file entry.cif (mmCIF, C-alpha atoms)
data_data
#
loop_
_atom_site.label_atom_id
_atom_site.label_comp_id
_atom_site.auth_asym_id
_atom_site.auth_seq_id
_atom_site.Cartn_x
_atom_site.Cartn_y
_atom_site.Cartn_z
CA MET P 6 85.45 295.52 140.43
CA ILE P 7 83.66 292.47 139.12
CA ASN P 8 83.07 289.66 141.60
CA ILE P 9 80.24 287.35 142.55
CA TYR P 10 78.56 290.06 144.63
CA THR P 11 78.49 292.74 141.94
CA LEU P 12 77.43 290.16 139.34
CA SER P 13 74.69 289.00 141.64
CA ILE P 14 73.47 292.56 142.25
CA ALA P 15 73.52 293.39 138.55
CA PHE P 16 71.73 290.19 137.59
CA SER P 17 69.04 290.53 140.26
CA ILE P 18 68.28 294.11 139.30
CA ILE P 19 68.01 293.24 135.59
CA PHE P 20 65.91 290.21 136.49
CA LEU P 21 63.61 292.39 138.61
CA LEU P 22 63.19 294.86 135.73
CA VAL P 23 62.39 292.05 133.29
CA VAL P 24 59.76 290.63 135.65
CA ILE P 25 58.15 294.06 136.10
CA GLU P 26 58.20 294.65 132.35
CA LEU P 27 56.52 291.26 131.73
CA VAL P 28 53.79 292.13 134.22
CA ARG P 29 53.38 295.58 132.68
CA ARG P 30 52.86 294.01 129.24
CA GLU P 31 50.48 291.47 130.72
CA ARG P 32 52.68 288.58 129.67
CA LEU P 33 52.98 287.44 133.30
CA HIS P 34 50.21 287.50 135.88
CA GLU P 35 50.84 289.47 139.07
CA ARG P 36 50.03 286.30 140.99
CA TYR P 37 53.06 284.48 139.61
CA SER P 38 55.32 287.54 139.48
CA LEU P 39 55.08 288.12 143.21
CA LEU P 40 57.35 285.20 144.15
CA TRP P 41 59.90 286.23 141.53
CA ILE P 42 59.94 289.83 142.75
CA ILE P 43 60.46 288.73 146.35
CA PHE P 44 63.23 286.40 145.20
CA ALA P 45 65.02 289.17 143.28
CA LEU P 46 64.74 291.58 146.21
CA ILE P 47 66.18 289.01 148.64
CA ILE P 48 69.15 288.37 146.35
CA VAL P 49 69.77 292.10 145.92
CA GLY P 50 69.63 292.59 149.68
CA LEU P 51 72.03 289.73 150.37
CA SER P 52 74.45 290.80 147.65
CA VAL P 53 74.59 294.39 148.88
CA SER P 54 75.21 293.46 152.48
CA ARG P 55 78.32 291.30 152.44
CA SER P 56 78.45 291.07 156.20
CA LEU P 57 74.97 289.55 156.31
CA ILE P 58 75.88 286.77 153.93
CA GLU P 59 79.24 286.17 155.62
CA ASN P 60 77.53 285.85 158.99
CA MET P 61 75.05 283.42 157.51
CA ALA P 62 77.88 281.40 155.98
CA GLU P 63 79.69 281.25 159.27
CA PHE P 64 76.52 280.27 161.12
CA LEU P 65 75.84 277.45 158.62
CA GLY P 66 79.48 276.34 158.58
CA ILE P 67 79.94 277.22 154.91
CA LYS P 68 83.58 278.03 154.05
CA TYR P 69 82.97 279.98 150.85
CA ALA P 70 80.44 282.70 151.69
CA PRO P 71 78.95 283.27 148.19
CA SER P 72 77.85 279.61 148.24
CA VAL P 73 75.05 280.83 150.47
CA LEU P 74 73.73 282.74 147.45
CA PHE P 75 73.83 279.59 145.34
CA LEU P 76 72.20 277.58 148.10
CA LEU P 77 69.34 280.06 148.50
CA GLY P 78 68.92 280.33 144.74
CA PHE P 79 68.79 276.56 144.39
CA LEU P 80 66.29 276.09 147.21
CA TYR P 81 64.13 278.87 145.85
CA LEU P 82 64.04 277.31 142.38
CA LEU P 83 63.14 273.96 143.91
CA ILE P 84 60.22 275.45 145.82
CA TYR P 85 59.12 277.53 142.87
CA SER P 86 59.08 274.56 140.48
CA LEU P 87 57.01 272.63 143.01
CA HIS P 88 54.63 275.57 143.10
CA ILE P 89 54.47 275.55 139.30
CA THR P 90 53.62 271.85 139.18
CA THR P 91 50.72 272.43 141.57
CA VAL P 92 49.49 275.18 139.26
CA LEU P 93 49.96 272.83 136.31
CA SER P 94 47.96 270.08 138.03
CA ARG P 95 45.09 272.45 138.73
CA HIS P 96 45.11 273.61 135.13
CA ALA P 97 45.19 270.02 133.85
CA ASP P 98 42.09 269.26 135.96
CA ARG P 99 40.32 272.33 134.63
CA ILE P 100 41.22 271.61 131.00
CA MET P 101 39.93 268.07 131.41
CA ARG P 102 36.64 269.28 132.87
CA LEU P 103 36.30 271.83 130.06
CA ALA P 104 36.87 269.14 127.43
CA GLN P 105 34.22 266.97 129.10
CA GLU P 106 31.72 269.83 129.30
CA ILE P 107 32.28 270.84 125.68
CA SER P 108 31.81 267.33 124.38
CA LEU P 109 28.64 266.85 126.46
CA LEU P 110 27.25 270.18 125.24
CA GLN P 111 28.02 269.25 121.66
CA GLN P 112 26.23 265.93 122.11
CA LYS P 113 23.23 267.74 123.59
CA LEU P 114 23.11 270.18 120.66
CA GLU P 115 23.35 267.34 118.15
CA SER P 116 20.52 265.39 119.74
CA LYS P 117 18.38 268.55 119.93
CA GLY P 118 19.20 269.25 116.28
CA ALA P 119 18.16 265.72 115.31
CA GLN P 120 14.83 266.17 117.12
CA THR P 121 14.01 269.48 115.40
CA ASP P 122 14.95 267.95 112.05
CA ASP P 123 12.38 265.23 112.67
CA VAL P 124 9.71 267.84 113.44
CA VAL P 125 10.49 269.81 110.27
CA ARG P 126 10.23 266.68 108.16
CA MET F 6 13.88 246.72 133.48
CA ASN F 7 11.62 247.84 136.37
CA GLY F 8 11.36 251.26 134.72
CA LEU F 9 14.92 252.08 135.77
CA LYS F 10 17.11 254.09 133.43
CA ILE F 11 20.21 252.12 132.53
CA LEU F 12 23.20 253.49 130.65
CA ILE F 13 25.95 251.44 129.07
CA ILE F 14 29.13 253.52 128.84
CA ILE F 15 31.67 252.40 126.26
CA PRO F 16 34.92 254.39 126.33
CA ALA F 17 36.74 254.04 123.00
CA TYR F 18 40.06 255.17 121.61
CA ASN F 19 40.82 254.06 118.05
CA GLU F 20 38.64 250.94 118.19
CA GLN F 21 37.22 250.96 114.64
CA ALA F 22 38.20 247.30 114.19
CA CYS F 23 35.74 245.93 116.74
CA ILE F 24 33.40 248.74 117.81
CA SER F 25 30.68 247.65 115.39
CA ARG F 26 30.58 244.12 116.75
CA VAL F 27 30.64 245.31 120.36
CA ILE F 28 27.71 247.72 119.83
CA ASN F 29 25.61 245.07 118.10
CA TRP F 30 26.42 242.60 120.84
CA VAL F 31 25.44 245.02 123.63
CA LYS F 32 22.22 246.00 121.83
CA ALA F 33 21.23 242.37 121.43
CA GLU F 34 21.95 241.43 125.05
CA ILE F 35 20.58 244.50 126.82
CA PRO F 36 17.90 246.02 124.58
CA CYS F 37 16.39 248.09 127.41
CA ALA F 38 19.55 250.11 128.05
CA ASP F 39 20.79 253.31 126.42
CA ILE F 40 24.28 253.15 124.97
CA LEU F 41 26.75 256.02 125.20
CA LEU F 42 30.03 255.78 123.36
CA VAL F 43 32.68 258.15 124.71
CA ASN F 44 35.10 258.73 121.87
CA ASP F 45 38.35 259.67 123.59
CA GLY F 46 39.88 261.67 120.75
CA SER F 47 40.16 258.76 118.30
CA THR F 48 41.96 259.48 115.04
CA ASP F 49 40.18 256.67 113.18
CA ASN F 50 36.51 256.13 112.29
CA THR F 51 35.37 254.94 115.73
CA SER F 52 32.95 257.85 116.15
CA SER F 53 31.29 257.68 112.72
CA ILE F 54 30.91 253.90 112.92
CA ALA F 55 29.24 254.21 116.33
CA ARG F 56 26.94 256.96 115.00
CA SER F 57 25.92 254.78 112.08
CA HIS F 58 24.64 252.28 114.66
CA GLY F 59 22.41 254.93 116.17
CA VAL F 60 24.03 254.99 119.61
CA MET F 61 24.71 258.23 121.47
CA VAL F 62 28.23 259.47 120.91
CA VAL F 63 30.21 262.01 122.89
CA ASP F 64 33.33 263.18 121.08
CA LEU F 65 36.08 264.47 123.34
CA PRO F 66 38.14 267.19 121.61
CA PHE F 67 41.40 265.39 122.46
CA ASN F 68 42.57 262.24 124.21
CA LEU F 69 41.93 262.48 127.96
CA GLY F 70 42.90 258.94 128.89
CA ILE F 71 40.59 256.29 130.29
CA GLY F 72 39.81 258.13 133.55
CA GLY F 73 38.75 261.37 131.89
CA ALA F 74 36.74 259.50 129.27
CA MET F 75 34.93 257.33 131.82
CA GLN F 76 34.13 260.36 133.92
CA THR F 77 32.53 261.99 130.88
CA GLY F 78 30.21 259.00 130.73
CA TYR F 79 29.39 259.27 134.43
CA LEU F 80 28.72 263.00 134.09
CA TYR F 81 26.27 262.21 131.30
CA ALA F 82 24.63 259.50 133.40
CA TYR F 83 24.35 261.79 136.40
CA ARG F 84 22.89 264.77 134.57
CA ASN F 85 20.42 262.67 132.60
CA GLY F 86 19.04 260.89 135.64
CA TYR F 87 20.29 257.35 135.06
CA ASP F 88 19.82 254.90 137.92
CA ILE F 89 22.45 252.41 136.83
CA ALA F 90 25.58 252.79 134.72
CA ILE F 91 27.60 249.96 133.28
CA GLN F 92 31.06 250.35 131.80
CA ILE F 93 32.11 247.98 129.04
CA ASP F 94 35.39 247.97 127.09
CA ALA F 95 35.19 248.76 123.39
CA ASP F 96 37.61 246.01 122.40
CA GLY F 97 35.18 243.10 122.86
CA GLN F 98 36.87 241.67 125.98
CA HIS F 99 33.69 241.91 128.01
CA ASP F 100 30.74 239.69 127.18
CA PRO F 101 27.57 241.80 127.57
CA ALA F 102 25.63 238.62 128.37
CA PHE F 103 27.03 238.95 131.91
CA VAL F 104 25.57 242.43 132.41
CA HIS F 105 22.37 240.96 133.86
CA ARG F 106 24.38 239.18 136.55
CA LEU F 107 26.33 242.37 137.23
CA ILE F 108 23.29 244.54 137.80
CA SER F 109 21.21 242.03 139.74
CA PRO F 110 22.85 242.77 143.18
CA ILE F 111 22.53 246.49 142.44
CA LEU F 112 18.83 246.21 141.56
CA LYS F 113 18.29 244.42 144.86
CA GLY F 114 20.08 247.28 146.63
CA GLU F 115 22.66 244.93 148.13
CA TYR F 116 25.70 246.55 146.56
CA ASP F 117 26.71 249.95 145.14
CA MET F 118 29.11 248.54 142.57
CA THR F 119 29.76 245.16 141.01
CA ILE F 120 32.93 244.14 139.19
CA GLY F 121 33.14 241.43 136.57
CA SER F 122 36.05 239.21 137.57
CA ARG F 123 37.78 236.78 135.24
CA TYR F 124 39.68 235.14 138.12
CA LEU F 125 36.90 234.41 140.59
CA GLN F 126 36.25 231.08 138.94
CA ALA F 127 38.30 228.86 136.69
CA SER F 128 38.17 230.77 133.43
CA SER F 129 39.51 230.21 129.97
CA TYR F 130 41.08 233.67 130.03
CA LYS F 131 44.82 233.56 129.35
CA SER F 132 47.26 236.19 130.50
CA SER F 133 51.04 236.39 130.69
CA ALA F 134 52.99 235.49 133.86
CA SER F 135 54.13 239.08 134.46
CA ARG F 136 50.58 240.35 134.07
CA ARG F 137 49.34 237.72 136.48
CA LEU F 138 52.02 238.75 139.00
CA GLY F 139 50.96 242.40 138.75
CA MET F 140 47.33 241.38 139.28
CA LEU F 141 48.24 239.37 142.38
CA PHE F 142 50.16 242.33 143.74
CA PHE F 143 47.18 244.68 143.35
CA SER F 144 44.80 242.05 144.74
CA PHE F 145 47.04 241.79 147.79
CA LEU F 146 47.23 245.57 148.23
CA VAL F 147 43.49 246.13 147.83
CA SER F 148 42.64 243.23 150.14
CA LEU F 149 45.05 244.62 152.72
CA ILE F 150 43.46 248.06 152.61
CA THR F 151 39.79 247.16 152.25
CA GLY F 152 39.76 243.83 154.06
CA LYS F 153 37.85 242.36 151.11
CA ARG F 154 39.08 239.79 148.65
CA VAL F 155 39.20 241.30 145.17
CA THR F 156 40.62 238.98 142.53
CA ASP F 157 40.39 241.14 139.40
CA THR F 158 41.22 244.66 140.55
CA THR F 159 41.94 246.03 137.06
CA SER F 160 38.73 244.78 135.46
CA GLY F 161 36.94 247.58 133.63
CA PHE F 162 33.68 245.61 133.44
CA ARG F 163 31.58 247.25 136.15
CA ALA F 164 28.09 248.30 137.12
CA VAL F 165 27.26 251.08 139.59
CA ASN F 166 24.18 252.60 141.18
CA ARG F 167 23.06 256.22 141.27
CA ARG F 168 25.06 257.12 144.39
CA VAL F 169 28.29 255.93 142.80
CA ILE F 170 27.39 257.66 139.52
CA GLU F 171 27.17 260.90 141.50
CA LEU F 172 30.50 260.30 143.23
CA PHE F 173 32.26 259.45 139.94
CA ALA F 174 30.80 262.51 138.20
CA ASN F 175 32.46 264.63 140.88
CA GLN F 176 35.73 262.78 141.32
CA TYR F 177 37.31 260.05 139.26
CA PRO F 178 41.02 259.26 138.98
CA ALA F 179 42.49 260.64 135.74
CA ASP F 180 44.69 257.71 134.79
CA TYR F 181 44.62 254.02 135.74
CA PRO F 182 41.38 254.48 137.68
CA GLU F 183 40.24 250.87 138.19
CA VAL F 184 42.25 249.90 141.27
CA ASP F 185 42.22 253.40 142.77
CA VAL F 186 38.42 253.54 142.65
CA LEU F 187 38.07 250.39 144.79
CA VAL F 188 39.95 251.98 147.67
CA ARG F 189 38.11 255.30 147.28
CA LEU F 190 34.73 253.56 147.36
CA HIS F 191 35.73 251.54 150.39
CA ARG F 192 36.92 254.67 152.20
CA ASN F 193 33.62 256.40 151.43
CA GLY F 194 31.59 253.52 152.82
CA PHE F 195 30.30 252.08 149.53
CA LYS F 196 29.80 248.35 149.12
CA PHE F 197 31.10 246.39 146.16
CA ARG F 198 31.53 242.78 145.17
CA GLU F 199 32.88 240.75 142.31
CA ILE F 200 30.81 238.63 139.97
CA PRO F 201 32.47 235.83 138.02
CA VAL F 202 32.53 236.50 134.27
CA GLU F 203 34.23 235.10 131.21
CA MET F 204 36.43 237.47 129.26
CA ASN F 205 37.69 237.20 125.72
CA SER F 206 41.04 238.20 124.34
CA ARG F 207 40.71 241.52 122.59
CA GLN F 208 38.86 241.21 119.29
CA GLY F 209 40.98 243.64 117.31
CA GLY F 210 42.97 246.85 117.59
CA ALA F 211 46.03 247.17 119.80
CA SER F 212 46.51 246.98 123.57
CA SER F 213 48.09 250.00 125.21
CA ILE F 214 50.28 247.91 127.53
CA THR F 215 54.08 247.94 127.13
CA PRO F 216 56.77 246.82 129.66
CA ALA F 217 57.77 250.40 130.50
CA ARG F 218 54.14 251.39 130.97
CA SER F 219 53.56 248.36 133.19
CA VAL F 220 56.29 249.53 135.56
CA TYR F 221 54.86 253.06 135.57
CA TYR F 222 51.39 251.59 136.06
CA MET F 223 52.47 249.59 139.13
CA ALA F 224 54.26 252.56 140.68
CA LYS F 225 51.51 255.06 139.94
CA VAL F 226 48.68 252.86 141.19
CA SER F 227 50.55 251.87 144.35
CA LEU F 228 51.20 255.53 145.11
CA ALA F 229 47.57 256.42 144.37
CA LEU F 230 46.41 253.77 146.87
CA LEU F 231 48.70 255.14 149.58
CA VAL F 232 47.48 258.68 148.86
CA ASP F 233 43.87 257.47 149.07
CA LEU F 234 44.56 256.28 152.59
CA VAL F 235 45.53 259.72 153.84
CA ARG F 236 43.11 261.73 151.69
CA PRO F 237 40.28 263.48 153.54
CA ARG F 238 36.95 261.77 152.91
#
call {"tool": "encode", "arguments": {"input": "entry.cif", "output": "structure tokens"}}
result
Amino acid sequence: MINIYTLSIAFSIIFLLVVIELVRRERLHERYSLLWIIFALIIVGLSVSRSLIENMAEFLGIKYAPSVLFLLGFLYLLIYSLHITTVLSRHADRIMRLAQEISLLQQKLESKGAQTDDVVR
Amino acid sequence: MNGLKILIIIPAYNEQACISRVINWVKAEIPCADILLVNDGSTDNTSSIARSHGVMVVDLPFNLGIGGAMQTGYLYAYRNGYDIAIQIDADGQHDPAFVHRLISPILKGEYDMTIGSRYLQASSYKSSASRRLGMLFFSFLVSLITGKRVTDTTSGFRAVNRRVIELFANQYPADYPEVDVLVRLHRNGFKFREIPVEMNSRQGGASSITPARSVYYMAKVSLALLVDLVRPR
């Protein structure tokens, strides 16, 4: 029987395997995989236990229970992309500092080189 | 000048049209200072022209924007023990003859930073109505926050002492730094004042200002000022 719950279970499990495979091949750092693994596990758990999600839907006043899955997925993506932009900002700062350091080092080398050239002449 | 080490920082991005004139001008007006050109990833001959004039050149591997380029200059000044750093635009807008007036209050120890203002006195400088409006807006914001009257908040013609050099080497806003820096300095207890100067229209090359960028500029700078207010000191 194919419905939103079985689809959700199947997708989460495949997703989980892909994440683990990426980590295994060192294409994804453990640090960033952790949130994805937790996310996949939560979705698997919710999809398996229909009563849990139906109770949540009732509690939140949501008529169509699987919407809770969409809601959680959406919120998770929102939070995760915010997390990614903080990572991006930190990397941008570091890349800028590296560029500055490299150019200053290069300048230092050049001026040293010019001095030794003078001595040789 | 009193045995103090003075560095003129000229950030440049594709300024081959006027860089030669600007360097000669600075050399003639302030012979006692060292000149550092920070080439912010130019794709033209800015760097080689500057080198041919015998000034120090730092070549950034790619374009960092004005904040990142200026900070490179301040890092250099900090690590090489400069007492005073002066930033001058590479497009010939700033007349180096005014540098002496800029650094005088700093030499006396009265101020940590001085800003060359084209609006403090009646000046021949012409700017568009929309630009003028933006300037007034920033003046209002900065005055509100710092309690000081600043007429030319976006002026990039500035002189700073060693303490500010150290601060800038550690933290300097990445883009549109001029207005942001005023609030940061104020929040950190530094003293600054404006000095009236004359400015020229740019002597060549192209300005980076477009209407869309102006809107982004206003929004980004306003946000940066608000963030400065809640940022830990």
call {"tool": "residues_around", "arguments": {"input": "entry.cif", "residues": "Leu74 in chain P", "least_positions_apart": "3", "cutoff": "9 Å", "atoms": "all atoms listed in the file", "output": "short mmCIF file (atom, residue, chain, number, x, y, z; two decimals) with C-alpha atoms, in the frame of the given file"}}
result
data_model
loop_
_atom_site.label_atom_id
_atom_site.label_comp_id
_atom_site.auth_asym_id
_atom_site.auth_seq_id
_atom_site.Cartn_x
_atom_site.Cartn_y
_atom_site.Cartn_z
CA SER P 13 74.69 289.00 141.64
CA ILE P 48 69.15 288.37 146.35
CA LEU P 51 72.03 289.73 150.37
CA SER P 52 74.45 290.80 147.65
CA ILE P 58 75.88 286.77 153.93
CA ALA P 70 80.44 282.70 151.69
CA PRO P 71 78.95 283.27 148.19
CA LEU P 77 69.34 280.06 148.50
CA GLY P 78 68.92 280.33 144.74
CA PHE P 79 68.79 276.56 144.39
#
call {"tool": "closest_atom_pairs", "arguments": {"input": "entry.cif", "of": "chain P", "to": "chain F", "cutoff": "12 Å", "atoms": "all atoms listed in the file", "output": "JSON lines"}}
result
{"residue": "P:Ser94", "atom": "CA", "partner": "F:Ala179", "partner_atom": "CA", "distance": 11.1}
{"residue": "P:Ala97", "atom": "CA", "partner": "F:Ala179", "partner_atom": "CA", "distance": 9.9}
{"residue": "P:Asp98", "atom": "CA", "partner": "F:Ala179", "partner_atom": "CA", "distance": 8.6}
{"residue": "P:Arg99", "atom": "CA", "partner": "F:Gly73", "partner_atom": "CA", "distance": 11.4}
{"residue": "P:Ile100", "atom": "CA", "partner": "F:Leu69", "partner_atom": "CA", "distance": 9.6}
{"residue": "P:Met101", "atom": "CA", "partner": "F:Gly73", "partner_atom": "CA", "distance": 6.8}
{"residue": "P:Arg102", "atom": "CA", "partner": "F:Gly73", "partner_atom": "CA", "distance": 8.2}
{"residue": "P:Leu103", "atom": "CA", "partner": "F:Pro66", "partner_atom": "CA", "distance": 9.8}
{"residue": "P:Ala104", "atom": "CA", "partner": "F:Leu65", "partner_atom": "CA", "distance": 6.3}
{"residue": "P:Gln105", "atom": "CA", "partner": "F:Thr77", "partner_atom": "CA", "distance": 5.6}
{"residue": "P:Glu106", "atom": "CA", "partner": "F:Thr77", "partner_atom": "CA", "distance": 8.0}
{"residue": "P:Ile107", "atom": "CA", "partner": "F:Leu65", "partner_atom": "CA", "distance": 7.8}
{"residue": "P:Ser108", "atom": "CA", "partner": "F:Leu65", "partner_atom": "CA", "distance": 5.2}
{"residue": "P:Leu109", "atom": "CA", "partner": "F:Val63", "partner_atom": "CA", "distance": 6.2}
{"residue": "P:Leu110", "atom": "CA", "partner": "F:Val63", "partner_atom": "CA", "distance": 9.0}
{"residue": "P:Gln111", "atom": "CA", "partner": "F:Val63", "partner_atom": "CA", "distance": 7.7}
{"residue": "P:Gln112", "atom": "CA", "partner": "F:Val63", "partner_atom": "CA", "distance": 5.6}
{"residue": "P:Lys113", "atom": "CA", "partner": "F:Val63", "partner_atom": "CA", "distance": 9.1}
{"residue": "P:Leu114", "atom": "CA", "partner": "F:Val63", "partner_atom": "CA", "distance": 11.1}
{"residue": "P:Glu115", "atom": "CA", "partner": "F:Val62", "partner_atom": "CA", "distance": 9.7}
{"residue": "P:Ser116", "atom": "CA", "partner": "F:Met61", "partner_atom": "CA", "distance": 8.5}
{"residue": "P:Ala119", "atom": "CA", "partner": "F:Gly59", "partner_atom": "CA", "distance": 11.6}
call {"tool": "atom_distance", "arguments": {"input": "entry.cif", "atom1": "CA of His191 in chain F", "atom2": "CA of Asn85 in chain F"}}
result
26.0 Å
call {"tool": "closest_residue", "arguments": {"input": "entry.cif", "among": "F:Val27, F:Val235, F:Val226, F:Leu187", "to": "Asp100 in chain F", "atoms": "all atoms listed in the file"}}
result
F:Val27
call {"tool": "resolve_selection", "arguments": {"input": "entry.cif", "expression": "the PyMOL selection byres ((chain P and resi 45) around 12)", "output": "ChimeraX atom specification"}}
result
/P:13-25,38-44,46-52,74,77-78,81-82
call {"tool": "write_last_selection", "arguments": {"input": "entry.cif", "atoms": "C-alpha atoms", "output": "PDB file, keeping the file's coordinate frame"}}
result
ATOM      1  CA  SER P  13      74.690 289.000 141.640  1.00  0.00           C
ATOM      2  CA  ILE P  14      73.470 292.560 142.250  1.00  0.00           C
ATOM      3  CA  ALA P  15      73.520 293.390 138.550  1.00  0.00           C
ATOM      4  CA  PHE P  16      71.730 290.190 137.590  1.00  0.00           C
ATOM      5  CA  SER P  17      69.040 290.530 140.260  1.00  0.00           C
ATOM      6  CA  ILE P  18      68.280 294.110 139.300  1.00  0.00           C
ATOM      7  CA  ILE P  19      68.010 293.240 135.590  1.00  0.00           C
ATOM      8  CA  PHE P  20      65.910 290.210 136.490  1.00  0.00           C
ATOM      9  CA  LEU P  21      63.610 292.390 138.610  1.00  0.00           C
ATOM     10  CA  LEU P  22      63.190 294.860 135.730  1.00  0.00           C
ATOM     11  CA  VAL P  23      62.390 292.050 133.290  1.00  0.00           C
ATOM     12  CA  VAL P  24      59.760 290.630 135.650  1.00  0.00           C
ATOM     13  CA  ILE P  25      58.150 294.060 136.100  1.00  0.00           C
ATOM     14  CA  SER P  38      55.320 287.540 139.480  1.00  0.00           C
ATOM     15  CA  LEU P  39      55.080 288.120 143.210  1.00  0.00           C
ATOM     16  CA  LEU P  40      57.350 285.200 144.150  1.00  0.00           C
ATOM     17  CA  TRP P  41      59.900 286.230 141.530  1.00  0.00           C
ATOM     18  CA  ILE P  42      59.940 289.830 142.750  1.00  0.00           C
ATOM     19  CA  ILE P  43      60.460 288.730 146.350  1.00  0.00           C
ATOM     20  CA  PHE P  44      63.230 286.400 145.200  1.00  0.00           C
ATOM     21  CA  LEU P  46      64.740 291.580 146.210  1.00  0.00           C
ATOM     22  CA  ILE P  47      66.180 289.010 148.640  1.00  0.00           C
ATOM     23  CA  ILE P  48      69.150 288.370 146.350  1.00  0.00           C
ATOM     24  CA  VAL P  49      69.770 292.100 145.920  1.00  0.00           C
ATOM     25  CA  GLY P  50      69.630 292.590 149.680  1.00  0.00           C
ATOM     26  CA  LEU P  51      72.030 289.730 150.370  1.00  0.00           C
ATOM     27  CA  SER P  52      74.450 290.800 147.650  1.00  0.00           C
ATOM     28  CA  LEU P  74      73.730 282.740 147.450  1.00  0.00           C
ATOM     29  CA  LEU P  77      69.340 280.060 148.500  1.00  0.00           C
ATOM     30  CA  GLY P  78      68.920 280.330 144.740  1.00  0.00           C
ATOM     31  CA  TYR P  81      64.130 278.870 145.850  1.00  0.00           C
ATOM     32  CA  LEU P  82      64.040 277.310 142.380  1.00  0.00           C
TER      33      LEU P  82
END
call {"tool": "resolve_selection", "arguments": {"input": "entry.cif", "expression": "the PyMOL selection byres ((chain F and resi 14) around 12)", "output": "ChimeraX atom specification"}}
result
/F:11-13,15-17,27-28,31,38-44,60-63,71,74-82,87,89-95,101,161-165,170
call {"tool": "closest_residue", "arguments": {"input": "entry.cif", "among": "F:Ala55, F:Ile111, F:Ala33, F:Val184", "to": "Lys196 in chain F", "atoms": "all atoms listed in the file"}}
result
F:Ile111
call {"tool": "atom_distance", "arguments": {"input": "entry.cif", "atom1": "CA of Ser57 in chain F", "atom2": "CA of Ala174 in chain F"}}
result
27.7 Å
call {"tool": "atom_distance", "arguments": {"input": "entry.cif", "atom1": "CA of Glu171 in chain F", "atom2": "CA of Thr119 in chain F"}}
result
16.0 Å
